[in-house]
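Engineer: Take a look at the following structure, please.
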Amino acid sequence: MSNSKNISIAKLDDLDEIMQFIDNEWEKGHILGTNRDFFLYEYQNKELLNFVISKNQSNKINGILGFLKSSSNVNSTLWTTMWKVSKSTNSPMLGIEILNFLRKQDYNNIISVGINLKTIEIYKYLGFKTGVLEHYFIPNHNINKNQIAIIPTHLKNNINFPVINKDTTCKKITIKEVQESFNFNKYKSLSHNKDLNYFKKRYFQHPIYKYDVYGSYKDSKLHAMLVVRISSYLQSSCIRIVDFYGDEDFLDSISMTLVKIMHKKNYEYIDFLCSGLDPTTILKAGFIKVNDDVVMPNYFEPFIRKNTLINFFTDSSDLENINIFKADGDQDRPSMELL
């Protein structure tokens with residue numbers, strides 16, 4: 001039987017064994033089981049690793065739960081990532097014990113993005129609230145044949161682009177401009193206390209993915225930021241919005257800047273997975289909600305041409321106002337080594 005004595009926060013010394021566990025128990029060849037540098041980029045916290053681990057009587061790891069933090073202070077949100085108990089363990093409650101250990105740590109709230117549909121009733125039983133990310137897109141009506149998505153012609157021809165306030169400007173911004181101009185404290189309740197350090201590390205220092213950040217200004221003040229990444233399949237590419245910070249009334253000015261880039265570079269579409277933003281604001285910004293007539297793939301590594309519901313759980317009581325985006329947690333992370 002497991003007990004609290006052999007469940008702990010992992011130390012750097014546990015790194016190799018955790019990676020081996022991921023390779024053996026989670027997925028053979030997964031990037032976190034093969035790429036030491038990337039693992040440390042994601043999970044190192046000084047002399048600790050942001051993993052809860054369980055060890056059996058032989059002192060071997062038999063369960064893991066990874067987590068990512070939105071900031072370095074105690075009001076951080078924790079996003080859970082890899083949660084796995086060894087196939088050889090004989091303790092059916094071990095996974096719950098590992099999660100409960102994490103829940104006893106100092107944090108603001110816990111969120112897990114990308115949970116399995118089959119486990120939703122378990123999370124509800126444990127007192128979590130569950131939801132699903134809404135999926136929106138803006139198609140490029142100049143493209144006749146899509147290689148990535150399946151978008152009916154009538155949707156391409158019925159896009160209502162907003163009239164942008166002339167006092168608002170939007171441009172691609174650097175980390176220096178973010179540091180000098182964006183007030184993280186003002187929006188911390190909406191963005192899980194994400195701070196400048198999180199933002200810099202997550203988007204400007206990512207060792208594999210390239211992100212671009214666009215900012216919307218009014219009266220020389222930076223009111224909103226939107227993070228995007230380009231995904232490609234065959235000879236086609238699309239713009240994927242993965243995070244948003246700030247005043248959502250400025251979403252339209254950034255989306256229209258992205259539309260110009262989409263047309264100029266011949267991208268298929270722009271898509272946006274999110275929860276917590278006002279749907280009216282998103283539709284006003286030119287987006288269309290994905291429905292059964294549309295196929296908007298989420299997985300590119302490997303590519304899967306189908307719609308995927310991204311479910312989540314949270315222990316926050318205010319589900320309506322909890323903003324969640326694609327890059328929260330581990331949803332926008334390479335799963336295998338990119339050649």
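All residue names refer to the structure tokens as shown: chains lettered A, B, ... in order, residues numbered from 1 in each chain, ligands numbered from 1 in order.
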Please identify which residues in stretch 34-222 of chain A DSSP calls helix (DSSP H, G or I) from the backbone, and express them as a ChimeraX atom specification.

Structural biologist: /A:34,36-43,94-103,117-125,153-156,175-181,185-187,196-204

Engineer: Create the file for the chosen residues now, containing C-alpha atoms and written as a PDB file, in the first residue's frame.

Structural biologist:
```
ATOM      1  CA  THR A  34      14.167  11.604 -24.329  1.00  0.00           C
ATOM      2  CA  ARG A  36      16.828  16.165 -20.873  1.00  0.00           C
ATOM      3  CA  ASP A  37      17.308  19.856 -21.691  1.00  0.00           C
ATOM      4  CA  PHE A  38      13.670  20.320 -22.631  1.00  0.00           C
ATOM      5  CA  PHE A  39      12.541  18.504 -19.488  1.00  0.00           C
ATOM      6  CA  LEU A  40      14.622  20.867 -17.351  1.00  0.00           C
ATOM      7  CA  TYR A  41      13.316  23.895 -19.248  1.00  0.00           C
ATOM      8  CA  GLU A  42       9.755  22.820 -18.463  1.00  0.00           C
ATOM      9  CA  TYR A  43      10.049  21.528 -14.904  1.00  0.00           C
ATOM     10  CA  LEU A  94      -2.452   5.848  -5.748  1.00  0.00           C
ATOM     11  CA  GLY A  95      -3.242   8.349  -8.528  1.00  0.00           C
ATOM     12  CA  ILE A  96      -5.775  10.129  -6.286  1.00  0.00           C
ATOM     13  CA  GLU A  97      -3.265  10.194  -3.408  1.00  0.00           C
ATOM     14  CA  ILE A  98      -0.666  11.824  -5.654  1.00  0.00           C
ATOM     15  CA  LEU A  99      -3.181  14.470  -6.777  1.00  0.00           C
ATOM     16  CA  ASN A 100      -4.264  15.110  -3.174  1.00  0.00           C
ATOM     17  CA  PHE A 101      -0.618  15.600  -2.198  1.00  0.00           C
ATOM     18  CA  LEU A 102      -0.363  18.358  -4.815  1.00  0.00           C
ATOM     19  CA  ARG A 103      -3.584  19.924  -3.548  1.00  0.00           C
ATOM     20  CA  LEU A 117     -13.464  12.412 -21.310  1.00  0.00           C
ATOM     21  CA  LYS A 118     -13.686   9.060 -19.494  1.00  0.00           C
ATOM     22  CA  THR A 119     -12.263  10.549 -16.286  1.00  0.00           C
ATOM     23  CA  ILE A 120     -14.559  13.585 -16.009  1.00  0.00           C
ATOM     24  CA  GLU A 121     -16.900  11.886 -13.502  1.00  0.00           C
ATOM     25  CA  ILE A 122     -13.901  11.145 -11.264  1.00  0.00           C
ATOM     26  CA  TYR A 123     -12.921  14.831 -11.225  1.00  0.00           C
ATOM     27  CA  LYS A 124     -16.481  15.858 -10.443  1.00  0.00           C
ATOM     28  CA  TYR A 125     -16.522  13.350  -7.574  1.00  0.00           C
ATOM     29  CA  THR A 153     -17.517  27.792 -48.896  1.00  0.00           C
ATOM     30  CA  HIS A 154     -20.539  29.608 -47.482  1.00  0.00           C
ATOM     31  CA  LEU A 155     -18.660  30.247 -44.221  1.00  0.00           C
ATOM     32  CA  LYS A 156     -15.709  31.728 -46.083  1.00  0.00           C
ATOM     33  CA  ILE A 175       9.938  41.189 -24.625  1.00  0.00           C
ATOM     34  CA  LYS A 176      11.456  44.627 -23.918  1.00  0.00           C
ATOM     35  CA  GLU A 177       8.223  46.311 -24.994  1.00  0.00           C
ATOM     36  CA  VAL A 178       6.205  43.873 -22.874  1.00  0.00           C
ATOM     37  CA  GLN A 179       8.417  44.584 -19.876  1.00  0.00           C
ATOM     38  CA  GLU A 180       8.164  48.358 -20.299  1.00  0.00           C
ATOM     39  CA  SER A 181       4.490  48.657 -21.234  1.00  0.00           C
ATOM     40  CA  ASN A 185      -0.829  43.118 -12.035  1.00  0.00           C
ATOM     41  CA  LYS A 186      -3.884  44.798 -13.551  1.00  0.00           C
ATOM     42  CA  TYR A 187      -4.992  41.577 -15.262  1.00  0.00           C
ATOM     43  CA  LEU A 196       6.557  38.706 -16.650  1.00  0.00           C
ATOM     44  CA  ASN A 197       8.953  35.850 -15.832  1.00  0.00           C
ATOM     45  CA  TYR A 198       6.380  33.252 -16.883  1.00  0.00           C
ATOM     46  CA  PHE A 199       5.612  35.157 -20.091  1.00  0.00           C
ATOM     47  CA  LYS A 200       9.275  35.616 -21.003  1.00  0.00           C
ATOM     48  CA  LYS A 201      10.211  32.006 -20.388  1.00  0.00           C
ATOM     49  CA  ARG A 202       7.083  30.516 -21.961  1.00  0.00           C
ATOM     50  CA  TYR A 203       7.089  32.469 -25.228  1.00  0.00           C
ATOM     51  CA  PHE A 204      10.365  34.296 -25.790  1.00  0.00           C
TER      52      PHE A 204
END
```

Engineer: Quick one: residues within 12 Å of A:Lys166, only C-alpha atoms counted, chain neighbours fewer than 3 positions away excluded, as a list in words?

Structural biologist: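 These residues fall inside the cut-off: Pro162, Val163, Thr169, Cys170, Ser216, Tyr217, Lys218, Asp219 and Ser253 of chain A.
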
Engineer: Please provide as a list in words all residues within 7 Å of stretch 312-326 of chain A, with the sequence filter that same-chain residues fewer than 2 positions apart are discarded (counting only C-alpha atoms).

Structural biologist: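 Once the nearby chain positions are removed, what remains is Asn109, Ile110, Ile111, Ser112, Val113, Gly114, Ile115, Phe128, Lys129, Thr130, Gly131, Val132, Leu190, Ser191, Val242, Asp243, Leu273, Cys274, Ser275, Gly276, Leu277, Ile310, Asp328, Gln331 and Asp332 of chain A.
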
Engineer: Pick out the closest residue to A:His30 from this set: A:Leu283, A:Ile7, A:Met82, A:Met256. Count only C-alpha atoms.

Structural biologist: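 Going through A:Leu283, A:Ile7, A:Met82, A:Met256 one by one, the smallest distance to A:His30 is for A:Met82.
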
Engineer: Rounded to one decimal place, report the atom CA of A:Asp249-atom CA of A:Gly286 distance in Å.

Structural biologist: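 If I compute the distance from atom CA of A:Asp249 to atom CA of A:Gly286, I get 12.8 Å.
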
Engineer: Ranking A:Leu222, A:Val227, A:Ile138, A:Leu309 by minimum distance to A:Ile270 and counting only C-alpha atoms, which one comes first?

Structural biologist: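 Looking only at the distances to A:Ile270, the closest residue turns out to be A:Ile138.
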
Engineer: Show which residues sit within 8 Å of A:Lys172, as a PyMOL selection string. Count only C-alpha atoms, and ignore same-chain residues fewer than 3 positions away.

Structural biologist: chain A and resi 212-215

Engineer: Keeping N, CA, C and O atoms, export the residues of the selection given above as a PDB file, in the first residue's frame.

Structural biologist:
```pdb
ATOM      1  N   ASP A 212       5.086  34.394 -31.730  1.00  0.00           N
ATOM      2  CA  ASP A 212       5.051  35.834 -31.980  1.00  0.00           C
ATOM      3  C   ASP A 212       4.012  36.450 -31.060  1.00  0.00           C
ATOM      4  O   ASP A 212       2.939  35.866 -30.827  1.00  0.00           O
ATOM      5  N   VAL A 213       4.318  37.638 -30.556  1.00  0.00           N
ATOM      6  CA  VAL A 213       3.408  38.331 -29.644  1.00  0.00           C
ATOM      7  C   VAL A 213       2.992  39.655 -30.288  1.00  0.00           C
ATOM      8  O   VAL A 213       3.833  40.425 -30.750  1.00  0.00           O
ATOM      9  N   TYR A 214       1.675  39.888 -30.325  1.00  0.00           N
ATOM     10  CA  TYR A 214       1.133  41.122 -30.884  1.00  0.00           C
ATOM     11  C   TYR A 214       0.463  41.918 -29.771  1.00  0.00           C
ATOM     12  O   TYR A 214      -0.235  41.355 -28.925  1.00  0.00           O
ATOM     13  N   GLY A 215       0.701  43.227 -29.791  1.00  0.00           N
ATOM     14  CA  GLY A 215       0.142  44.090 -28.774  1.00  0.00           C
ATOM     15  C   GLY A 215      -0.787  45.131 -29.359  1.00  0.00           C
ATOM     16  O   GLY A 215      -0.564  45.625 -30.476  1.00  0.00           O
TER      17      GLY A 215
END
```

Engineer: Can you tell me how far atom CA of A:Phe303 sits from atom CA of A:Asp16, in Å to one decimal?

Structural biologist: 29.6 Å

Engineer: Residues near A:Asn73, anyone? I mean within 12 Å using only C-alpha atoms, not counting same-chain ones fewer than 2 positions away, as a count of residues only.

Structural biologist: 16

Engineer: Could you pull out the strand (DSSP E) residues of stretch 127-240 of chain A from DSSP and send them as a tab-separated table (two decimals) with all heavy atoms, in the first residue's frame?

Structural biologist:
```tsv
chain	number	residue	atom	x	y	z
A	129	LYS	N	-14.61	21.38	-10.91
A	129	LYS	CA	-15.55	21.75	-11.97
A	129	LYS	C	-14.90	21.43	-13.31
A	129	LYS	O	-13.68	21.52	-13.45
A	129	LYS	CB	-15.88	23.25	-11.90
A	129	LYS	CG	-16.77	23.61	-10.71
A	129	LYS	CD	-17.23	25.05	-10.81
A	129	LYS	CE	-18.41	25.33	-9.88
A	129	LYS	NZ	-18.11	25.09	-8.49
A	130	THR	N	-15.71	21.03	-14.30
A	130	THR	CA	-15.15	20.69	-15.60
A	130	THR	C	-15.78	21.54	-16.69
A	130	THR	O	-16.90	22.06	-16.54
A	130	THR	CB	-15.38	19.19	-15.93
A	130	THR	OG1	-16.78	18.94	-16.02
A	130	THR	CG2	-14.76	18.30	-14.87
A	131	GLY	N	-15.05	21.69	-17.78
A	131	GLY	CA	-15.55	22.47	-18.91
A	131	GLY	C	-14.80	22.08	-20.17
A	131	GLY	O	-13.98	21.16	-20.17
A	132	VAL	N	-15.09	22.80	-21.25
A	132	VAL	CA	-14.46	22.51	-22.53
A	132	VAL	C	-14.04	23.83	-23.19
A	132	VAL	O	-14.73	24.84	-23.06
A	132	VAL	CB	-15.41	21.69	-23.45
A	132	VAL	CG1	-16.66	22.48	-23.80
A	132	VAL	CG2	-14.70	21.22	-24.71
A	134	GLU	N	-13.75	26.45	-26.03
A	134	GLU	CA	-14.50	26.78	-27.26
A	134	GLU	C	-13.50	26.97	-28.39
A	134	GLU	O	-12.40	27.48	-28.18
A	134	GLU	CB	-15.31	28.07	-27.05
A	134	GLU	CG	-16.27	28.03	-25.87
A	134	GLU	CD	-17.45	27.11	-26.09
A	134	GLU	OE1	-17.61	26.63	-27.22
A	134	GLU	OE2	-18.20	26.85	-25.13
A	135	HIS	N	-13.92	26.57	-29.60
A	135	HIS	CA	-13.01	26.64	-30.75
A	135	HIS	C	-13.59	27.62	-31.77
A	135	HIS	O	-14.72	27.45	-32.23
A	135	HIS	CB	-12.84	25.25	-31.37
A	135	HIS	CG	-11.57	25.09	-32.13
A	135	HIS	ND1	-11.14	23.88	-32.61
A	135	HIS	CD2	-10.62	25.99	-32.52
A	135	HIS	CE1	-9.98	24.04	-33.24
A	135	HIS	NE2	-9.66	25.32	-33.20
A	136	TYR	N	-12.80	28.65	-32.12
A	136	TYR	CA	-13.21	29.67	-33.09
A	136	TYR	C	-12.17	29.76	-34.21
A	136	TYR	O	-11.01	29.36	-34.03
A	136	TYR	CB	-13.32	31.04	-32.41
A	136	TYR	CG	-14.36	31.12	-31.32
A	136	TYR	CD1	-14.03	30.83	-30.00
A	136	TYR	CD2	-15.67	31.49	-31.60
A	136	TYR	CE1	-14.98	30.91	-28.99
A	136	TYR	CE2	-16.63	31.57	-30.59
A	136	TYR	CZ	-16.27	31.29	-29.29
A	136	TYR	OH	-17.21	31.36	-28.29
A	137	PHE	N	-12.58	30.33	-35.33
A	137	PHE	CA	-11.63	30.49	-36.44
A	137	PHE	C	-12.04	31.64	-37.35
A	137	PHE	O	-13.20	32.08	-37.35
A	137	PHE	CB	-11.52	29.20	-37.25
A	137	PHE	CG	-12.74	28.88	-38.08
A	137	PHE	CD1	-12.73	29.08	-39.46
A	137	PHE	CD2	-13.89	28.37	-37.50
A	137	PHE	CE1	-13.86	28.80	-40.24
A	137	PHE	CE2	-15.02	28.08	-38.26
A	137	PHE	CZ	-15.00	28.29	-39.64
A	138	ILE	N	-11.07	32.13	-38.13
A	138	ILE	CA	-11.32	33.07	-39.21
A	138	ILE	C	-10.71	32.46	-40.47
A	138	ILE	O	-9.49	32.26	-40.53
A	138	ILE	CB	-10.68	34.45	-38.95
A	138	ILE	CG1	-11.21	35.06	-37.65
A	138	ILE	CG2	-10.93	35.39	-40.13
A	138	ILE	CD1	-10.53	36.37	-37.26
A	139	PRO	N	-11.53	32.12	-41.48
A	139	PRO	CA	-10.99	31.48	-42.69
A	139	PRO	C	-10.39	32.51	-43.66
A	139	PRO	O	-10.75	33.68	-43.63
A	139	PRO	CB	-12.23	30.82	-43.30
A	139	PRO	CG	-13.37	31.68	-42.87
A	139	PRO	CD	-13.00	32.23	-41.51
A	168	THR	N	-6.75	53.02	-32.03
A	168	THR	CA	-6.08	51.78	-31.62
A	168	THR	C	-5.07	51.35	-32.68
A	168	THR	O	-5.36	51.36	-33.87
A	168	THR	CB	-7.13	50.64	-31.44
A	168	THR	OG1	-8.14	51.10	-30.56
A	168	THR	CG2	-6.49	49.41	-30.86
A	169	THR	N	-3.89	50.96	-32.24
A	169	THR	CA	-2.89	50.43	-33.17
A	169	THR	C	-2.42	49.08	-32.66
A	169	THR	O	-2.48	48.79	-31.46
A	169	THR	CB	-1.67	51.36	-33.27
A	169	THR	OG1	-1.10	51.53	-31.97
A	169	THR	CG2	-2.04	52.72	-33.86
A	170	CYS	N	-1.96	48.25	-33.57
A	170	CYS	CA	-1.50	46.90	-33.20
A	170	CYS	C	-0.21	46.60	-33.93
A	170	CYS	O	-0.06	46.94	-35.10
A	170	CYS	CB	-2.58	45.88	-33.57
A	170	CYS	SG	-2.05	44.18	-33.28
A	171	LYS	N	0.72	45.95	-33.23
A	171	LYS	CA	2.00	45.59	-33.86
A	171	LYS	C	2.62	44.40	-33.14
A	171	LYS	O	2.26	44.09	-32.00
A	171	LYS	CB	2.96	46.78	-33.84
A	171	LYS	CG	3.38	47.19	-32.43
A	171	LYS	CD	4.48	48.25	-32.47
A	171	LYS	CE	4.98	48.56	-31.06
A	171	LYS	NZ	6.15	49.43	-31.05
A	172	LYS	N	3.57	43.75	-33.81
A	172	LYS	CA	4.33	42.69	-33.18
A	172	LYS	C	5.27	43.33	-32.16
A	172	LYS	O	5.88	44.37	-32.46
A	172	LYS	CB	5.12	41.90	-34.22
A	172	LYS	CG	5.76	40.64	-33.66
A	172	LYS	CD	5.94	39.58	-34.72
A	172	LYS	CE	7.21	39.78	-35.50
A	172	LYS	NZ	7.55	38.55	-36.25
A	212	ASP	N	5.09	34.39	-31.73
A	212	ASP	CA	5.05	35.83	-31.98
A	212	ASP	C	4.01	36.45	-31.06
A	212	ASP	O	2.94	35.87	-30.83
A	212	ASP	CB	4.68	36.14	-33.43
A	212	ASP	CG	5.79	35.75	-34.40
A	212	ASP	OD1	6.97	35.98	-34.07
A	212	ASP	OD2	5.49	35.20	-35.48
A	213	VAL	N	4.32	37.64	-30.56
A	213	VAL	CA	3.41	38.33	-29.64
A	213	VAL	C	2.99	39.65	-30.29
A	213	VAL	O	3.83	40.43	-30.75
A	213	VAL	CB	4.08	38.60	-28.28
A	213	VAL	CG1	3.13	39.33	-27.34
A	213	VAL	CG2	4.56	37.29	-27.65
A	214	TYR	N	1.67	39.89	-30.33
A	214	TYR	CA	1.13	41.12	-30.88
A	214	TYR	C	0.46	41.92	-29.77
A	214	TYR	O	-0.24	41.36	-28.93
A	214	TYR	CB	0.12	40.81	-31.99
A	214	TYR	CG	0.78	40.23	-33.22
A	214	TYR	CD1	1.01	38.86	-33.32
A	214	TYR	CD2	1.20	41.05	-34.26
A	214	TYR	CE1	1.64	38.32	-34.43
A	214	TYR	CE2	1.83	40.52	-35.38
A	214	TYR	CZ	2.05	39.16	-35.46
A	214	TYR	OH	2.69	38.63	-36.56
A	215	GLY	N	0.70	43.23	-29.79
A	215	GLY	CA	0.14	44.09	-28.77
A	215	GLY	C	-0.79	45.13	-29.36
A	215	GLY	O	-0.56	45.63	-30.48
A	216	SER	N	-1.83	45.46	-28.62
A	216	SER	CA	-2.80	46.48	-29.04
A	216	SER	C	-2.65	47.71	-28.15
A	216	SER	O	-2.74	47.62	-26.92
A	216	SER	CB	-4.22	45.94	-28.96
A	216	SER	OG	-5.14	46.89	-29.45
A	217	TYR	N	-2.40	48.85	-28.78
A	217	TYR	CA	-2.12	50.10	-28.06
A	217	TYR	C	-3.25	51.11	-28.25
A	217	TYR	O	-3.84	51.20	-29.33
A	217	TYR	CB	-0.84	50.74	-28.58
A	217	TYR	CG	0.43	50.01	-28.22
A	217	TYR	CD1	0.85	48.90	-28.96
A	217	TYR	CD2	1.23	50.43	-27.17
A	217	TYR	CE1	2.03	48.23	-28.65
A	217	TYR	CE2	2.41	49.77	-26.84
A	217	TYR	CZ	2.81	48.67	-27.59
A	217	TYR	OH	3.97	48.02	-27.28
A	218	LYS	N	-3.49	51.88	-27.22
A	218	LYS	CA	-4.36	53.05	-27.31
A	218	LYS	C	-3.80	54.10	-26.37
A	218	LYS	O	-3.46	53.78	-25.22
A	218	LYS	CB	-5.80	52.70	-26.93
A	218	LYS	CG	-6.76	53.87	-27.15
A	218	LYS	CD	-8.19	53.47	-26.82
A	218	LYS	CE	-9.13	54.64	-27.05
A	218	LYS	NZ	-10.51	54.33	-26.68
A	221	LYS	N	-0.63	53.30	-24.60
A	221	LYS	CA	-0.62	52.28	-23.55
A	221	LYS	C	-0.92	50.91	-24.16
A	221	LYS	O	-1.80	50.80	-25.02
A	221	LYS	CB	-1.66	52.60	-22.47
A	221	LYS	CG	-1.26	53.78	-21.58
A	221	LYS	CD	-2.29	53.98	-20.50
A	221	LYS	CE	-1.89	55.17	-19.63
A	221	LYS	NZ	-2.98	55.55	-18.72
A	222	LEU	N	-0.21	49.89	-23.67
A	222	LEU	CA	-0.42	48.52	-24.15
A	222	LEU	C	-1.56	47.89	-23.35
A	222	LEU	O	-1.42	47.61	-22.17
A	222	LEU	CB	0.87	47.71	-23.98
A	222	LEU	CG	0.87	46.25	-24.41
A	222	LEU	CD1	0.45	46.08	-25.86
A	222	LEU	CD2	2.25	45.62	-24.18
A	223	HIS	N	-2.69	47.68	-24.02
A	223	HIS	CA	-3.90	47.20	-23.32
A	223	HIS	C	-4.12	45.70	-23.43
A	223	HIS	O	-4.83	45.12	-22.61
A	223	HIS	CB	-5.13	47.92	-23.88
A	223	HIS	CG	-5.18	49.37	-23.53
A	223	HIS	ND1	-5.73	49.84	-22.36
A	223	HIS	CD2	-4.72	50.46	-24.19
A	223	HIS	CE1	-5.63	51.16	-22.31
A	223	HIS	NE2	-5.02	51.56	-23.41
A	224	ALA	N	-3.58	45.07	-24.48
A	224	ALA	CA	-3.82	43.63	-24.67
A	224	ALA	C	-2.69	43.02	-25.47
A	224	ALA	O	-2.07	43.69	-26.32
A	224	ALA	CB	-5.15	43.40	-25.37
A	225	MET	N	-2.43	41.74	-25.21
A	225	MET	CA	-1.40	41.00	-25.96
A	225	MET	C	-1.97	39.65	-26.38
A	225	MET	O	-2.71	39.02	-25.62
A	225	MET	CB	-0.17	40.76	-25.09
A	225	MET	CG	0.50	42.02	-24.58
A	225	MET	SD	2.06	41.65	-23.75
A	225	MET	CE	1.52	40.63	-22.37
A	226	LEU	N	-1.58	39.24	-27.55
A	226	LEU	CA	-2.04	37.97	-28.09
A	226	LEU	C	-0.83	37.20	-28.61
A	226	LEU	O	0.02	37.77	-29.30
A	226	LEU	CB	-3.03	38.25	-29.23
A	226	LEU	CG	-3.93	37.11	-29.64
A	226	LEU	CD1	-5.37	37.61	-29.71
A	226	LEU	CD2	-3.54	36.63	-31.02
A	227	VAL	N	-0.74	35.92	-28.24
A	227	VAL	CA	0.41	35.09	-28.61
A	227	VAL	C	-0.01	34.10	-29.69
A	227	VAL	O	-1.05	33.44	-29.56
A	227	VAL	CB	0.96	34.31	-27.39
A	227	VAL	CG1	2.22	33.54	-27.76
A	227	VAL	CG2	1.22	35.25	-26.22
A	228	VAL	N	0.79	34.01	-30.76
A	228	VAL	CA	0.44	33.10	-31.85
A	228	VAL	C	1.63	32.22	-32.21
A	228	VAL	O	2.78	32.55	-31.94
A	228	VAL	CB	-0.04	33.85	-33.12
A	228	VAL	CG1	-1.18	34.79	-32.80
A	228	VAL	CG2	1.10	34.61	-33.79
A	229	ARG	N	1.30	31.10	-32.85
A	229	ARG	CA	2.31	30.19	-33.39
A	229	ARG	C	1.81	29.69	-34.74
A	229	ARG	O	0.61	29.45	-34.90
A	229	ARG	CB	2.55	29.02	-32.43
A	229	ARG	CG	3.70	28.11	-32.83
A	229	ARG	CD	4.05	27.15	-31.69
A	229	ARG	NE	3.04	26.15	-31.45
A	229	ARG	CZ	2.88	25.03	-32.17
A	229	ARG	NH1	3.65	24.79	-33.20
A	229	ARG	NH2	1.94	24.18	-31.85
A	230	ILE	N	2.71	29.53	-35.68
A	230	ILE	CA	2.36	29.02	-37.01
A	230	ILE	C	2.49	27.50	-37.00
A	230	ILE	O	3.52	26.95	-36.59
A	230	ILE	CB	3.27	29.61	-38.10
A	230	ILE	CG1	3.26	31.15	-38.05
A	230	ILE	CG2	2.85	29.11	-39.48
A	230	ILE	CD1	1.91	31.78	-38.22
A	231	SER	N	1.44	26.79	-37.43
A	231	SER	CA	1.50	25.34	-37.59
A	231	SER	C	1.34	25.00	-39.07
A	231	SER	O	0.60	25.68	-39.79
A	231	SER	CB	0.38	24.65	-36.80
A	231	SER	OG	0.66	24.70	-35.41
A	232	SER	N	2.03	23.95	-39.50
A	232	SER	CA	2.03	23.60	-40.93
A	232	SER	C	1.74	22.13	-41.15
A	232	SER	O	2.05	21.28	-40.30
A	232	SER	CB	3.40	23.94	-41.56
A	232	SER	OG	3.70	25.31	-41.38
A	233	TYR	N	1.16	21.84	-42.32
A	233	TYR	CA	0.94	20.47	-42.78
A	233	TYR	C	0.98	20.49	-44.30
A	233	TYR	O	0.35	21.34	-44.92
A	233	TYR	CB	-0.39	19.91	-42.27
A	233	TYR	CG	-0.70	18.53	-42.80
A	233	TYR	CD1	0.07	17.44	-42.43
A	233	TYR	CD2	-1.76	18.33	-43.68
A	233	TYR	CE1	-0.19	16.17	-42.91
A	233	TYR	CE2	-2.04	17.06	-44.17
A	233	TYR	CZ	-1.25	15.99	-43.79
A	233	TYR	OH	-1.52	14.74	-44.28
A	236	SER	N	0.80	23.72	-46.58
A	236	SER	CA	-0.11	24.73	-46.04
A	236	SER	C	0.21	25.05	-44.58
A	236	SER	O	0.76	24.22	-43.86
A	236	SER	CB	-1.55	24.23	-46.16
A	236	SER	OG	-2.44	25.30	-46.08
A	237	SER	N	-0.16	26.27	-44.15
A	237	SER	CA	0.08	26.70	-42.77
A	237	SER	C	-1.12	27.48	-42.24
A	237	SER	O	-1.94	27.97	-43.02
A	237	SER	CB	1.33	27.58	-42.68
A	237	SER	OG	2.48	26.88	-43.12
A	238	CYS	N	-1.19	27.59	-40.92
A	238	CYS	CA	-2.26	28.37	-40.30
A	238	CYS	C	-1.70	29.11	-39.09
A	238	CYS	O	-0.62	28.78	-38.58
A	238	CYS	CB	-3.41	27.46	-39.88
A	238	CYS	SG	-2.93	26.19	-38.67
A	239	ILE	N	-2.43	30.12	-38.66
A	239	ILE	CA	-2.06	30.89	-37.47
A	239	ILE	C	-2.87	30.38	-36.29
A	239	ILE	O	-4.10	30.37	-36.35
A	239	ILE	CB	-2.34	32.39	-37.67
A	239	ILE	CG1	-1.57	32.95	-38.87
A	239	ILE	CG2	-1.99	33.17	-36.40
A	239	ILE	CD1	-1.93	34.40	-39.21
A	240	ARG	N	-2.21	29.98	-35.23
A	240	ARG	CA	-2.90	29.47	-34.05
A	240	ARG	C	-2.68	30.43	-32.88
A	240	ARG	O	-1.55	30.66	-32.46
A	240	ARG	CB	-2.40	28.08	-33.69
A	240	ARG	CG	-2.42	27.12	-34.88
A	240	ARG	CD	-2.62	25.69	-34.46
A	240	ARG	NE	-3.94	25.49	-33.91
A	240	ARG	CZ	-4.31	24.39	-33.25
A	240	ARG	NH1	-3.43	23.41	-33.07
A	240	ARG	NH2	-5.53	24.27	-32.77
```

Engineer: How many Å separate atom CA of A:Ala149 from atom CA of A:Glu268?

Structural biologist: 7.9 Å
